[in-house]
Amino acid sequence: MSEPPQIIATIEDACSFIADWFGLKDDPAGSPIALPFEMPQAIQVVNRRLGRLWLEHGNVRIFDSQDTLISPHRYEVQPDGIVPVILENQGVWACGFKPETGAQLWVTGDWPGDQVGSNAWRLTQDVVDTAIVFVMLANAVWTSAGCQLDENEKATEFRRRLWTFAPWTGFSGFWTNEDRTLMRMQGSGWGVSAHR
């Protein structure tokens, strides 16, 4: 049996899903970003599509409900050349980029890889886009109505695959139902469900 196609394939798709999920009617575009270095296109897209949410602290907390997606208006290059973009809520891992390596994802801490637990920043084969989509979707689940953690496998109503990235063994991605009123983040033997 083949897997269903993903609804989200790009950062643009993720922003559109988030805007629809939370019923954002007004244009939530952020203000222009003025930095002395280049940043990945994905960050510019998120700012253009949802950037005002970095400034507002209402019910739509896709940038800081679980893990923090740092506002590009606060980016700073660290002495090692890394610009942190995402901070895990307990300080277990972080993601960033180096302006000279473009969108390549740099990680530290317990992000999947062969150097688990390393505090040194290391280059991955992935791009910043992947981590941003993961954090925006996870935060959307955690900040949504009726969010509930359980030890179940994915229920049958979650037939539509939103997005899959397997950062951890046994993680099967984000799922939704046919009318996109339910969302689930699914791991092996655990899941988090929410509804609009």
# chains A, B, ... in the order shown; residues from 1 in each chain; ligands from 1
$ select_by_dssp --residues "region 59-153 of chain A" --states "helix (DSSP H, G or I)" --output "number ranges by chain"
A: 72-74, 99-101, 128-143
$ residues_around --residues "Cys95 (chain A)" --least-positions-apart "4" --cutoff "7 Å" --atoms "only C-alpha atoms" --output "PDB file with N, CA, C and O atoms, in the first residue's frame"
ATOM      1  N   PRO A  84      21.721  31.502  15.270  1.00  0.00           N
ATOM      2  CA  PRO A  84      20.670  30.620  15.782  1.00  0.00           C
ATOM      3  C   PRO A  84      19.298  31.036  15.266  1.00  0.00           C
ATOM      4  O   PRO A  84      18.973  32.222  15.219  1.00  0.00           O
ATOM      5  N   VAL A  85      18.501  30.028  14.884  1.00  0.00           N
ATOM      6  CA  VAL A  85      17.176  30.264  14.332  1.00  0.00           C
ATOM      7  C   VAL A  85      16.109  29.619  15.218  1.00  0.00           C
ATOM      8  O   VAL A  85      15.038  30.181  15.419  1.00  0.00           O
ATOM      9  N   ILE A  86      16.399  28.430  15.757  1.00  0.00           N
ATOM     10  CA  ILE A  86      15.438  27.692  16.565  1.00  0.00           C
ATOM     11  C   ILE A  86      16.105  27.236  17.861  1.00  0.00           C
ATOM     12  O   ILE A  86      17.222  26.726  17.838  1.00  0.00           O
ATOM     13  N   LEU A  87      15.376  27.417  18.970  1.00  0.00           N
ATOM     14  CA  LEU A  87      15.845  26.945  20.271  1.00  0.00           C
ATOM     15  C   LEU A  87      14.798  25.983  20.830  1.00  0.00           C
ATOM     16  O   LEU A  87      13.626  26.362  20.975  1.00  0.00           O
ATOM     17  N   LEU A 105      21.534  23.564   7.086  1.00  0.00           N
ATOM     18  CA  LEU A 105      21.151  23.512   8.494  1.00  0.00           C
ATOM     19  C   LEU A 105      22.342  23.137   9.364  1.00  0.00           C
ATOM     20  O   LEU A 105      23.001  22.127   9.129  1.00  0.00           O
ATOM     21  N   TRP A 106      22.586  23.940  10.388  1.00  0.00           N
ATOM     22  CA  TRP A 106      23.587  23.663  11.419  1.00  0.00           C
ATOM     23  C   TRP A 106      22.833  23.324  12.695  1.00  0.00           C
ATOM     24  O   TRP A 106      21.811  23.950  12.998  1.00  0.00           O
ATOM     25  N   VAL A 107      23.296  22.336  13.441  1.00  0.00           N
ATOM     26  CA  VAL A 107      22.614  21.921  14.667  1.00  0.00           C
ATOM     27  C   VAL A 107      23.611  21.762  15.800  1.00  0.00           C
ATOM     28  O   VAL A 107      24.808  21.566  15.585  1.00  0.00           O
ATOM     29  N   THR A 108      23.080  21.819  17.011  1.00  0.00           N
ATOM     30  CA  THR A 108      23.855  21.545  18.204  1.00  0.00           C
ATOM     31  C   THR A 108      22.966  20.772  19.166  1.00  0.00           C
ATOM     32  O   THR A 108      21.742  20.897  19.113  1.00  0.00           O
TER      33      THR A 108
END
$ closest_atom_pairs --of "region 59-178 of chain A" --to "region 9-29 of chain A" --cutoff "9 Å" --atoms "only C-alpha atoms" --output "CSV"
residue,atom,partner,partner_atom,distance
A:Asn59,CA,A:Phe22,CA,8.9
A:Val60,CA,A:Phe22,CA,6.9
A:Ile62,CA,A:Ile18,CA,8.4
A:Asp129,CA,A:Ile11,CA,6.6
A:Thr130,CA,A:Ile11,CA,8.5
A:Ile132,CA,A:Ile11,CA,8.1
A:Val133,CA,A:Ala14,CA,6.4
A:Met136,CA,A:Ala14,CA,8.0
A:Leu137,CA,A:Ile18,CA,7.8
A:Ala140,CA,A:Ile18,CA,7.4
A:Ser144,CA,A:Phe22,CA,8.4
A:Leu162,CA,A:Ala9,CA,8.7
A:Trp163,CA,A:Ala9,CA,7.2
$ residues_around --residues "Asn177 (chain A)" --least-positions-apart "5" --cutoff "7 Å" --atoms "only C-alpha atoms" --output "mmCIF file with C-alpha atoms, in the first residue's frame"
data_model
loop_
_atom_site.group_PDB
_atom_site.id
_atom_site.type_symbol
_atom_site.label_atom_id
_atom_site.label_comp_id
_atom_site.auth_asym_id
_atom_site.auth_seq_id
_atom_site.Cartn_x
_atom_site.Cartn_y
_atom_site.Cartn_z
ATOM 1 C CA GLU A 157 -9.612 9.710 10.759
ATOM 2 C CA PHE A 158 -6.069 11.085 10.225
ATOM 3 C CA ARG A 159 -5.856 9.916 6.600
ATOM 4 C CA ARG A 160 -4.169 12.920 5.002
ATOM 5 C CA LEU A 182 -7.923 17.862 13.146
#
$ atom_distance --atom1 "CA of Gln44 (chain A)" --atom2 "CA of Val135 (chain A)"
16.1 Å
$ residues_around --residues "Gly102 (chain A)" --least-positions-apart "6" --cutoff "8 Å" --atoms "only C-alpha atoms" --output "PyMOL selection string"
chain A and resi 38-40
$ residues_around --residues "region 170-174 of chain A" --least-positions-apart "4" --cutoff "12 Å" --atoms "only C-alpha atoms" --output "ChimeraX atom specification"
/A:3,6-8,14,112,133-141,153-154,158-166,180,182-194
$ closest_residue --among "A:Pro99, A:Pro5, A:Pro72, A:Gly146" --to "Pro32 (chain A)" --atoms "only C-alpha atoms"
A:Pro72
$ atom_distance --atom1 "CA of Leu123 (chain A)" --atom2 "CA of Val77 (chain A)"
15.9 Å
